[in-house]
>>> print(open('input.txt').read())   # compact mmCIF, C-alpha atoms
# COMPACT_ATOMS: atom_id res chain seq x y z
CA MET A 8 1.38 118.33 -41.90
CA ARG A 9 2.79 119.17 -38.49
CA ARG A 10 0.54 120.76 -35.88
CA ASN A 11 1.50 124.13 -34.45
CA VAL A 12 1.64 125.01 -30.76
CA HIS A 13 -1.86 126.51 -30.78
CA GLU A 14 -3.38 123.40 -32.38
CA VAL A 15 -1.57 121.02 -30.07
CA LEU A 16 -2.63 122.96 -27.00
CA ALA A 17 -6.22 123.20 -28.19
CA TRP A 18 -6.41 119.44 -28.69
CA ALA A 19 -4.89 118.69 -25.29
CA SER A 20 -7.10 121.16 -23.45
CA SER A 21 -10.21 119.68 -25.05
CA PHE A 22 -9.07 116.12 -24.29
CA LEU A 23 -8.39 116.92 -20.65
CA ARG A 24 -11.68 118.76 -20.26
CA ALA A 25 -13.56 115.77 -21.69
CA HIS A 26 -11.94 113.56 -19.06
CA GLY A 27 -12.65 115.88 -16.15
CA LYS A 28 -9.11 117.16 -15.74
CA GLU A 29 -7.85 120.73 -15.39
CA GLU A 30 -7.13 122.25 -18.80
CA ARG A 31 -4.14 124.17 -17.44
CA ALA A 32 -2.31 120.84 -17.25
CA ALA A 33 -1.96 121.00 -21.03
CA GLU A 34 0.17 124.13 -20.73
CA TRP A 35 2.36 122.62 -18.01
CA LEU A 36 2.99 119.49 -20.03
CA LEU A 37 3.64 121.32 -23.30
CA CYS A 38 6.05 123.72 -21.61
CA HIS A 39 7.89 120.69 -20.25
CA HIS A 40 8.15 118.95 -23.61
CA LEU A 41 9.12 122.11 -25.48
CA ARG A 42 11.55 123.04 -22.70
CA THR A 43 10.16 126.52 -22.32
CA ASN A 44 8.04 128.61 -19.96
CA ARG A 45 4.53 129.98 -20.43
CA ALA A 46 5.77 133.18 -22.09
CA GLY A 47 7.92 131.16 -24.46
CA LEU A 48 4.98 128.92 -25.25
CA PHE A 49 2.83 131.82 -26.44
CA ALA A 50 5.76 133.40 -28.28
CA ARG A 51 5.87 130.21 -30.37
CA TRP A 52 2.08 130.09 -30.81
CA ARG A 53 2.12 129.46 -34.58
CA GLU A 54 5.33 127.45 -34.77
CA PRO A 55 5.08 123.77 -35.73
CA VAL A 56 5.70 121.09 -33.11
CA GLU A 57 8.03 118.28 -34.12
CA GLU A 58 6.19 115.00 -34.52
CA ALA A 59 8.38 113.18 -31.97
CA VAL A 60 7.77 115.91 -29.39
CA TYR A 61 4.05 115.84 -30.10
CA GLU A 62 3.88 112.07 -29.63
CA ARG A 63 5.64 112.25 -26.26
CA PHE A 64 3.42 115.14 -25.19
CA ALA A 65 0.23 113.39 -26.33
CA ALA A 66 1.24 110.25 -24.46
CA ASP A 67 1.63 112.23 -21.24
CA VAL A 68 -1.69 113.99 -21.78
CA ARG A 69 -3.36 110.60 -22.06
CA ARG A 70 -1.53 109.26 -19.00
CA HIS A 71 -2.82 112.17 -16.98
CA ALA A 72 -6.35 112.16 -18.38
CA ILE A 73 -6.99 108.42 -18.54
CA ASP A 74 -4.54 106.84 -16.08
CA HIS A 75 -4.72 109.76 -13.60
CA VAL A 76 -0.93 110.14 -13.31
CA PRO A 77 -0.25 113.49 -11.59
CA VAL A 78 1.22 116.11 -13.89
CA GLN A 79 3.99 116.75 -11.36
CA TYR A 80 5.15 113.14 -11.62
CA LEU A 81 5.10 113.35 -15.41
CA ILE A 82 7.23 116.49 -15.55
CA GLY A 83 9.28 115.46 -12.51
CA HIS A 84 8.94 118.53 -10.33
CA GLU A 85 6.66 120.92 -8.47
CA TRP A 86 7.27 124.53 -7.49
CA PHE A 87 7.34 125.33 -3.78
CA TYR A 88 8.20 128.71 -2.26
CA GLY A 89 9.51 129.83 -5.66
CA ARG A 90 11.80 126.84 -6.18
CA PRO A 91 11.48 123.66 -8.28
CA PHE A 92 11.49 120.47 -6.20
CA LEU A 93 11.99 117.07 -7.76
CA VAL A 94 9.09 114.70 -7.07
CA ASN A 95 8.24 111.11 -7.89
CA ARG A 96 5.89 108.40 -6.63
CA HIS A 97 7.93 108.02 -3.44
CA VAL A 98 7.05 111.49 -2.14
CA LEU A 99 3.98 113.63 -1.61
CA ILE A 100 3.55 116.48 -4.08
CA PRO A 101 4.10 119.77 -2.16
CA ARG A 102 0.95 121.88 -1.75
CA PRO A 103 0.47 125.66 -1.40
CA GLU A 104 -0.98 125.16 2.10
CA THR A 105 2.38 123.85 3.25
CA GLU A 106 4.01 127.08 2.09
CA GLU A 107 1.82 128.81 4.69
CA LEU A 108 3.17 126.46 7.37
CA VAL A 109 6.75 127.35 6.37
CA LEU A 110 5.91 131.06 6.45
CA GLY A 111 4.41 130.65 9.93
CA VAL A 112 7.59 129.04 11.20
CA LEU A 113 9.81 131.69 9.62
CA GLU A 114 7.74 134.44 11.27
CA ARG A 115 7.69 132.84 14.74
CA VAL A 116 11.27 131.62 15.08
CA PRO A 117 12.96 135.07 15.25
CA ARG A 118 10.46 136.28 17.85
CA LEU A 119 10.81 133.22 20.05
CA LEU A 120 14.53 132.53 19.65
CA ALA A 121 15.98 136.02 19.12
CA GLY A 122 19.73 136.27 19.54
CA ARG A 123 20.48 132.58 19.03
CA GLU A 124 23.48 131.94 16.79
CA ARG A 125 22.29 128.40 16.09
CA ILE A 126 18.69 127.21 16.03
CA ASP A 127 18.19 123.46 15.74
CA VAL A 128 15.21 122.54 13.56
CA VAL A 129 13.89 119.13 12.59
CA ASP A 130 11.43 118.53 9.75
CA VAL A 131 9.69 115.23 10.52
CA GLY A 132 8.47 113.14 7.60
CA THR A 133 10.30 115.34 5.11
CA GLY A 134 9.21 113.60 1.89
CA SER A 135 10.61 115.69 -0.98
CA GLY A 136 12.43 117.89 1.52
CA ALA A 137 10.36 120.93 0.59
CA ILE A 138 9.94 122.17 4.16
CA ALA A 139 13.47 121.43 5.33
CA VAL A 140 15.22 122.83 2.27
CA THR A 141 13.08 125.96 2.20
CA LEU A 142 13.67 126.71 5.88
CA ALA A 143 17.43 126.23 5.45
CA LEU A 144 17.55 128.57 2.46
CA GLU A 145 15.23 131.23 3.86
CA ASN A 146 16.95 131.53 7.26
CA ARG A 147 20.65 130.71 7.31
CA SER A 148 20.76 130.68 11.12
CA LEU A 149 18.69 127.50 11.13
CA SER A 150 20.53 124.20 11.48
CA VAL A 151 18.07 121.89 9.77
CA THR A 152 17.71 118.13 10.07
CA ALA A 153 15.12 116.17 8.10
CA THR A 154 13.79 112.72 8.94
CA ASP A 155 11.74 110.19 7.05
CA ILE A 156 10.99 106.49 7.41
CA SER A 157 11.32 105.99 3.64
CA GLU A 158 14.81 105.66 2.19
CA GLU A 159 13.36 106.36 -1.27
CA ALA A 160 11.92 109.65 -0.01
CA LEU A 161 15.23 110.58 1.59
CA THR A 162 16.98 110.00 -1.74
CA VAL A 163 14.67 112.56 -3.35
CA ALA A 164 15.07 115.02 -0.47
CA ARG A 165 18.86 114.77 -0.53
CA GLU A 166 18.91 115.46 -4.25
CA ASN A 167 16.66 118.51 -3.80
CA ALA A 168 18.95 119.85 -1.10
CA ARG A 169 21.98 119.31 -3.35
CA ARG A 170 20.40 120.91 -6.41
CA LEU A 171 19.13 123.93 -4.48
CA GLY A 172 22.27 124.42 -2.40
CA ALA A 173 20.69 123.86 1.01
CA SER A 174 22.63 122.63 4.03
CA VAL A 175 20.37 119.96 5.52
CA SER A 176 21.21 116.81 7.46
CA PHE A 177 19.12 113.68 6.93
CA LEU A 178 18.19 110.84 9.25
CA ARG A 179 16.17 107.75 8.49
CA GLY A 180 13.63 106.72 11.09
CA ASP A 181 10.06 106.71 12.33
CA LEU A 182 8.88 110.20 13.32
CA LEU A 183 11.01 111.50 16.24
CA ARG A 184 12.67 108.15 17.03
CA PRO A 185 16.01 109.06 15.37
CA LEU A 186 16.35 112.08 17.69
CA ILE A 187 15.16 110.18 20.77
CA GLU A 188 17.69 107.41 20.13
CA GLN A 189 20.49 109.98 19.85
CA GLY A 190 19.31 111.91 22.91
CA ARG A 191 19.08 115.08 20.82
CA MET A 192 17.09 118.12 21.91
CA VAL A 193 15.94 120.71 19.37
CA ASP A 194 14.45 124.20 19.27
CA VAL A 195 11.88 123.63 16.53
CA VAL A 196 9.89 120.64 15.31
CA VAL A 197 7.90 121.13 12.12
CA SER A 198 5.89 118.50 10.28
CA ASN A 199 3.24 117.91 7.66
CA PRO A 200 2.31 114.39 8.77
CA PRO A 201 -0.29 112.05 7.25
CA TYR A 202 -3.69 113.30 8.42
CA ILE A 203 -6.38 111.99 6.08
CA PRO A 204 -8.82 109.61 7.85
CA GLU A 205 -8.73 106.15 6.29
CA ALA A 206 -12.48 106.30 5.70
CA ASP A 207 -11.97 109.31 3.40
CA ALA A 208 -9.82 107.34 0.94
CA ALA A 209 -12.80 106.72 -1.34
CA LEU A 210 -13.43 110.46 -1.57
CA LEU A 211 -9.97 111.27 -2.92
CA SER A 212 -9.25 111.95 -6.56
CA PRO A 213 -7.63 109.00 -8.38
CA VAL A 214 -4.74 111.37 -9.12
CA VAL A 215 -4.03 111.37 -5.37
CA LYS A 216 -5.09 107.98 -4.05
CA ASP A 217 -3.71 105.91 -6.95
CA TYR A 218 -0.27 107.51 -7.13
CA GLU A 219 0.82 109.51 -4.08
CA PRO A 220 2.34 107.38 -1.28
CA HIS A 221 -0.33 106.23 1.18
CA THR A 222 2.20 106.35 4.02
CA ALA A 223 2.26 110.13 3.52
CA LEU A 224 -1.52 110.51 3.25
CA PHE A 225 -3.42 108.47 5.83
CA GLY A 226 -3.34 109.04 9.58
CA GLY A 227 -5.46 106.22 10.95
CA ARG A 228 -9.20 105.93 11.43
CA ASP A 229 -9.71 109.57 12.41
CA GLY A 230 -6.54 111.01 10.85
CA LEU A 231 -5.01 111.89 14.23
CA ASP A 232 -2.70 108.93 14.90
CA PHE A 233 0.50 110.81 14.14
CA TYR A 234 -0.47 113.82 16.25
CA ARG A 235 -1.08 111.49 19.20
CA ARG A 236 2.43 110.13 18.75
CA PHE A 237 3.86 113.63 18.52
CA ALA A 238 2.10 114.56 21.77
CA ARG A 239 3.83 111.61 23.48
CA GLU A 240 7.26 112.05 21.91
CA LEU A 241 7.71 115.83 21.72
CA PRO A 242 8.52 116.21 25.45
CA LEU A 243 11.54 113.95 24.84
CA VAL A 244 13.11 116.19 22.18
CA LEU A 245 11.96 119.79 22.69
CA LYS A 246 14.08 122.25 24.63
CA GLU A 247 12.56 124.42 27.36
CA THR A 248 12.03 127.25 24.88
CA ALA A 249 10.76 125.74 21.67
CA LEU A 250 8.27 125.76 18.82
CA ALA A 251 6.28 122.89 17.34
CA ALA A 252 4.43 123.54 14.08
CA PHE A 253 2.10 121.19 12.26
CA GLU A 254 -0.01 121.17 9.15
CA ILE A 255 -3.42 119.60 9.77
CA GLY A 256 -6.48 118.59 7.84
CA ALA A 257 -9.37 121.03 7.72
CA GLY A 258 -11.54 120.52 10.78
CA GLN A 259 -8.79 118.95 12.90
CA GLY A 260 -7.62 122.15 14.60
CA GLU A 261 -9.37 121.78 17.95
CA ALA A 262 -8.47 118.11 18.31
CA VAL A 263 -4.77 118.60 17.53
CA ALA A 264 -4.59 121.70 19.74
CA ALA A 265 -6.12 119.72 22.62
CA LEU A 266 -3.50 116.96 22.24
CA LEU A 267 -0.65 119.47 22.39
CA ALA A 268 -2.20 121.44 25.27
CA ALA A 269 -2.49 118.24 27.30
CA ALA A 270 1.15 117.38 26.65
CA PHE A 271 2.37 120.93 27.34
CA PRO A 272 -0.05 122.58 29.82
CA GLU A 273 2.23 125.59 30.23
CA ALA A 274 2.54 126.28 26.50
CA ARG A 275 0.62 128.54 24.15
CA VAL A 276 -1.24 126.61 21.46
CA GLU A 277 -2.84 128.37 18.51
CA VAL A 278 -4.81 127.19 15.52
CA ALA A 279 -4.09 129.16 12.34
CA PHE A 280 -6.24 129.37 9.24
CA ASP A 281 -5.07 129.23 5.64
CA LEU A 282 -5.90 131.68 2.86
CA ASN A 283 -9.11 129.77 2.17
CA GLY A 284 -10.31 130.26 5.74
CA LYS A 285 -9.75 126.63 6.80
CA ASP A 286 -7.96 125.59 9.97
CA ARG A 287 -4.69 124.34 8.51
CA MET A 288 -1.85 124.88 11.00
CA VAL A 289 -1.36 124.37 14.71
CA TYR A 290 1.54 126.06 16.53
CA MET A 291 2.69 125.20 20.05
CA THR A 292 5.09 127.64 21.71
CA ARG A 293 6.75 127.04 25.04
CA LYS A 294 9.03 129.61 26.64
CA ASN A 295 11.26 129.23 29.67
>>> encode(input="input.txt", output="structure tokens")
Amino acid sequence: MRRNVHEVLAWASSFLRAHGKEERAAEWLLCHHLRTNRAGLFARWREPVEEAVYERFAADVRRHAIDHVPVQYLIGHEWFYGRPFLVNRHVLIPRPETEELVLGVLERVPRLLAGRERIDVVDVGTGSGAIAVTLALENRSLSVTATDISEEALTVARENARRLGASVSFLRGDLLRPLIEQGRMVDVVVSNPPYIPEADAALLSPVVKDYEPHTALFGGRDGLDFYRRFARELPLVLKETALAAFEIGAGQGEAVAALLAAAFPEARVEVAFDLNGKDRMVYMTRKN
């Protein structure tokens, strides 16, 4: 006898709970395998689930619960700023905190660069392309370039830009080096760089540390290595009136702000807090 949607979901929720995983993952996975949304799932509450579909679903539930594979990698996407972005093991899974960084940039750019017909923006370490693609779609006056050292990540980002209809240029290279080598100057630099201290690796969930790319997670012994590089390289690529915007780890605000203030003594540097009250973004604004 085939199980119905309610029975399948009840089993999966219980299985995930027993393995210390979020029960909501059962809904996400079942929606994926039934090719429906949450409303459609509950509309089919008493309908039977085909055995082949159930077996595929159950296998993914076990992979998440036992092997710690992130749900987003199993279903192949994550939502960011209201849009589905393809993700795989080559890219970091976009987080809600990064949406706040994007919002901060979108709010500050018109105030700082009012009247510009073209605003050159670079998203450094683009990963899935979530920041770059979102900025390009939300503000059509932005000319967006995205960089990453990983060709595999750039493949994902390019496909996201294509699927979502965003005009973004892509360059492969280490941080700002592609721009420095071309002698390019830009109006805005935005980045969510690796910022987790290496010593904190043991504290991470297996879902994160065993699957998400370490090159996108860890920022040296204290987590600040990439911000130190930005402080050295930003003066080579930023125009006289410009914005630099970074996501940071909680508790890193003062340290990152100090690095940017030392590199740009004339600029305004502010630490912004996320919706959970944690220091999560640092913005540096210089105006000629």
>>> closest_residue(input="input.txt", among="A:Leu231, A:Ala164, A:Ala173, A:Ala274", to="A:Glu261", atoms="only C-alpha atoms")
A:Leu231
>>> residues_around(input="input.txt", residues="A:Glu30", least_positions_apart="5", cutoff="9 Å", atoms="only C-alpha atoms", output="CSV table (one decimal) with C-alpha atoms, in the frame of the given file")
chain,number,residue,atom,x,y,z
A,19,ALA,CA,-4.9,118.7,-25.3
A,20,SER,CA,-7.1,121.2,-23.4
A,21,SER,CA,-10.2,119.7,-25.0
A,22,PHE,CA,-9.1,116.1,-24.3
A,23,LEU,CA,-8.4,116.9,-20.6
A,24,ARG,CA,-11.7,118.8,-20.3
>>> residues_around(input="input.txt", residues="stretch 151-156 of chain A", least_positions_apart="2", cutoff="8 Å", atoms="all atoms listed in the file", output="ChimeraX atom specification")
/A:127-134,136,139,142-143,149,158,160-161,174-183,185
>>> atom_distance(input="input.txt", atom1="atom CA of A:His39", atom2="atom CA of A:Ser135")
20.1 Å
>>> closest_residue(input="input.txt", among="A:Glu254, A:Glu107, A:Glu29, A:Glu34", to="A:Val197", atoms="only C-alpha atoms")
A:Glu254
>>> closest_residue(input="input.txt", among="A:Arg275, A:His97, A:Arg123, A:Arg235", to="A:Gly83", atoms="all atoms listed in the file")
A:His97
>>> atom_distance(input="input.txt", atom1="atom CA of A:Pro204", atom2="atom CA of A:Ala270")
22.7 Å
